[in-house]
Amino acid sequence: MYREWILELIRCYILKDDGRFKEILDKLVKYEKANGNESEIYEIEQFIQETNKKSNNDSSYYKPSKGLIMRDNKSKKHLDSPKDKVSNSNLFEVIYPKDITNQSLIFNDKINNKIKEIVYEYNNKEQVIQLGLKVENKILLCGPPGCGKTSLAYELTKKLNIPLAYVKLDSLITSLMGQTSSNIRKIFESVKDESIVIFIDEFDAIAKKRADSNDLGELKRIVNSLLQIIDGIPDNVFFIAATNFEESLDSAIIRRFDSIINLERPNIDSLNKYIQTFLEDYKKFVLDIDINRISKFTLGMSFSEVNDLLSYSLKRQIVHKKEPSLSTDDIIESLVNKIFQFSEEYDQISRLAELNKKGISIRELSEITSIPKSTISDRIRKVKSNE
Ligand SMILES: Nc1ncnc2c1ncn2[C@@H]1O[C@H](COP(=O)(O)OP(=O)(O)O)[C@@H](O)[C@H]1O
Ligand SMILES: [Mg+2]
């Protein structure tokens with residue numbers, strides 16, 4: 001019996017199986033207790049305490065759970081990025097979960113449930129593996145800009161409580177033929193023993209349809225090696241890719257992902273929530289805002305566009321009007337102002353037409369823009385007849 005336990009302890013030590021290791025020690029204590037060997041019990045218990053103290057001091061990325069064979073990455077507190085051979089710049093930047101600030105992100109129920117599922121599954125991967133099933137660890141985030149892809153990648157990292165390797169595309173993509181594939185390999189190779197998120201933003205830059213490019217040879221090579229690399233991602237690595245252009249991705253690559261999460265532009269409910277939350281940070285302002293109305297005329301914008309609009313409106317109040325107050329009309333005025341600042345004339349009129357459709361009257365538009373009502377209606381009519 002004793003001999004078996006000792007052999008088992010050695011096996012656990014080699015495999016870094018902390019859970020099983022402690023289980024065997026427990027058995028030993030019980031055995032010695034049954035035989036009344038006080039001094040042996042004391043020695044073993046001391047040993048267990050010391051071991052626990054040591055592993056608690058170690059700021060490892062995970063708590064070893066019972067029965068699971070863990071890889072030893074405790075000794076590496078800082079991860080070093082591999083470098084691009086030519087520029088010698090780091091291929092990724094490591095961001096630790098404690099350094100990610102909590103943002104109140106708004107997602108629909110489907111996405112919120114998916115996030116919970118992913119985190120639960122990753123944290124309980126031993127159960128999934130024991131059932132002979134595969135842990136979900138490859139997700140693709142799609143959708144228009146400013147709707148939360150990058151933010152979700154960070155939020156997931158925080159929830160998984162593991163570091164994030166943010167892949168730096170500018171270092172990854174080099175002009176040297178063949179270097180990009182080799183850089184991608186280096187990245188995945190260097191973290192294969194870590195519990196870590198690898199995040200490739202703007203994924204379309206490297207995973208474009210193979211028939212889509214002029215530079216066929218190189219792109220084909222990159223996509224082919226990506227396919228192999230994605231297939232070989234171990235369970236401890238969580239791969240997140242994000243793109244605004246899902247339709248331009250190679251379909252074989254899309255199929256490699258366990259889930260595709262589509263982050264769409266916010267609907268009225270999400271806009272209401274978002275604007276409400278945004279304004280909560282500006283309690284010093286006198287606010288007179290019909291949130292529902294603002295949601296109605298910002299419908300179709302992304303979260304970050306609404307964020308820009310509200311921030312711009314607040315700044316205008318302070319800088320131009322020197323008034324710490326903000327009303328619905330101020331926000332509409334800012335919006336129209338933005339339209340006139342940054343777009344071509346045709347675009348301006350078509351955007352005014354859009355606002356008119358969303359419930360801002362010609363009279364209001366005329367007051368803000370100082371363009372006569374009749375001119376605005378005329379031009380809007382012209383835009384509509386061209387559509
Ligand atoms: N779902 C969301 N909920 C709340 N705010 C959001 C959301 N999506 C985007 N934002 C806001 O827009 C900013 C930019 O979003 P980001 O995650 O970079 O979008 P993407 O990566 O899709 O272009 C965020 O910092 C946040 O302020
Ligand atoms: Mg982004």
# chains A, B, ... in the order shown; residues from 1 in each chain; ligands from 1
$ residues_near_ligand --ligand "ligand 1" --cutoff "8 Å" --atoms "only C-alpha atoms and all ligand atoms" --output "list in words"
Gln103, Ser104, Leu105, Ile106, Phe107, Cys142, Gly143, Pro144, Pro145, Gly146, Cys147, Gly148, Lys149, Thr150, Ser151, Leu152, Asp201, Ala242, Asn244, Leu263, Pro266, Tyr274, Ser302, Phe303, Ser304, Glu305 and Asn307 of chain A
$ residues_around --residues "Asp235 (chain A)" --least-positions-apart "2" --cutoff "9 Å" --atoms "only C-alpha atoms" --output "list in words"
Tyr122, Lys125, Lys134, Val135, Glu136, Asn137, Ser195, Ile233, Val237 and Phe238 of chain A
$ select_by_dssp --residues "region 247-336 of chain A" --states "strand (DSSP E)" --output "CSV table (one decimal) with N, CA and C atoms, in the first residue's frame"
chain,number,residue,atom,x,y,z
A,259,SER,N,-17.8,29.4,-32.0
A,259,SER,CA,-18.9,30.2,-32.1
A,259,SER,C,-18.6,31.5,-32.8
A,260,ILE,N,-19.7,32.0,-33.4
A,260,ILE,CA,-19.5,33.4,-34.1
A,260,ILE,C,-20.5,34.3,-33.3
A,261,ILE,N,-20.0,35.3,-32.8
A,261,ILE,CA,-20.8,36.2,-32.0
A,261,ILE,C,-21.0,37.5,-32.8
A,262,ASN,N,-22.2,37.8,-33.2
A,262,ASN,CA,-22.5,39.0,-34.0
A,262,ASN,C,-22.9,40.2,-33.1
A,286,VAL,N,-26.9,70.0,-15.2
A,286,VAL,CA,-28.4,70.0,-15.1
A,286,VAL,C,-28.9,69.4,-16.4
A,287,LEU,N,-29.6,68.2,-16.2
A,287,LEU,CA,-30.0,67.5,-17.4
A,287,LEU,C,-31.5,67.6,-17.6
A,288,ASP,N,-31.8,67.9,-18.8
A,288,ASP,CA,-33.3,67.9,-19.2
A,288,ASP,C,-33.4,67.1,-20.5
A,325,SER,N,-25.2,72.5,-18.4
A,325,SER,CA,-26.6,71.9,-18.5
A,325,SER,C,-26.7,71.3,-19.9
A,326,LEU,N,-27.6,70.4,-20.0
A,326,LEU,CA,-27.7,69.7,-21.3
A,326,LEU,C,-29.2,69.3,-21.5
A,327,SER,N,-29.7,69.7,-22.7
A,327,SER,CA,-31.1,69.3,-22.9
A,327,SER,C,-31.2,68.5,-24.2
$ atom_distance --atom1 "CA of Asn267 (chain A)" --atom2 "CA of Ser311 (chain A)"
20.2 Å
$ select_by_dssp --residues "region 113-314 of chain A" --states "alpha helix (DSSP H)" --output "number ranges by chain"
A: 113-123, 125-130, 149-160, 169-172, 179-190, 216-231, 251-256, 268-280, 291-298, 303-314
$ atom_distance --atom1 "CA of Arg381 (chain A)" --atom2 "CA of Glu333 (chain A)"
21.9 Å
$ atom_distance --atom1 "CA of Ile118 (chain A)" --atom2 "CA of Glu202 (chain A)"
21.9 Å
$ residues_around --residues "Asn337 (chain A)" --least-positions-apart "4" --cutoff "9 Å" --atoms "only C-alpha atoms" --output "list in words"
Ile332, Glu333, Gln341, Phe342, Ile368 and Thr369 of chain A
$ closest_residue --among "A:Ser190, A:Ser313, A:Thr243, A:Ser182" --to "ligand 2" --atoms "only C-alpha atoms and all ligand atoms"
A:Thr243
$ residues_around --residues "Lys83 (chain A)" --least-positions-apart "3" --cutoff "12 Å" --atoms "only C-alpha atoms" --output "list in words"
Asp80, Val86, Ser87, Asn88, Ser89, Asn90, Leu91, Phe92, Glu93, Val167, Lys168, Asp170, Ser171, Leu172, Ile173, Thr174, Gln179, Thr180, Ser182, Asn183, Ile184, Arg185, Lys186, Ile187 and Ser190 of chain A
$ closest_residue --among "A:Met301, A:Leu28, A:Ile162, A:Val128" --to "Asp99 (chain A)" --atoms "only C-alpha atoms"
A:Ile162
$ closest_residue --among "A:Asn386, A:Ile200, A:Lys30, A:Ser39" --to "ligand 2" --atoms "only C-alpha atoms and all ligand atoms"
A:Ile200
$ closest_residue --among "A:Val306, A:Ile349, A:Leu355, A:Ile240" --to "ligand 2" --atoms "only C-alpha atoms and all ligand atoms"
A:Ile240
$ residues_around --residues "Lys296 (chain A)" --least-positions-apart "5" --cutoff "10 Å" --atoms "only C-alpha atoms" --output "list in words"
Asn267, Ile268, Asp269, Leu271, Asn272, Ile291, Leu355, Lys358, Gly359 and Ile360 of chain A
$ closest_residue --among "A:Glu32, A:Glu4, A:Ala241, A:Ile229" --to "ligand 2" --atoms "only C-alpha atoms and all ligand atoms"
A:Ala241
$ residues_around --residues "Thr101 (chain A)" --least-positions-apart "3" --cutoff "9 Å" --atoms "only C-alpha atoms" --output "number ranges by chain"
A: 97-98, 154-155, 158
$ residues_around --residues "Asp204 (chain A)" --least-positions-apart "4" --cutoff "9 Å" --atoms "only C-alpha atoms" --output "number ranges by chain"
A: 208-209, 242-246, 248-250
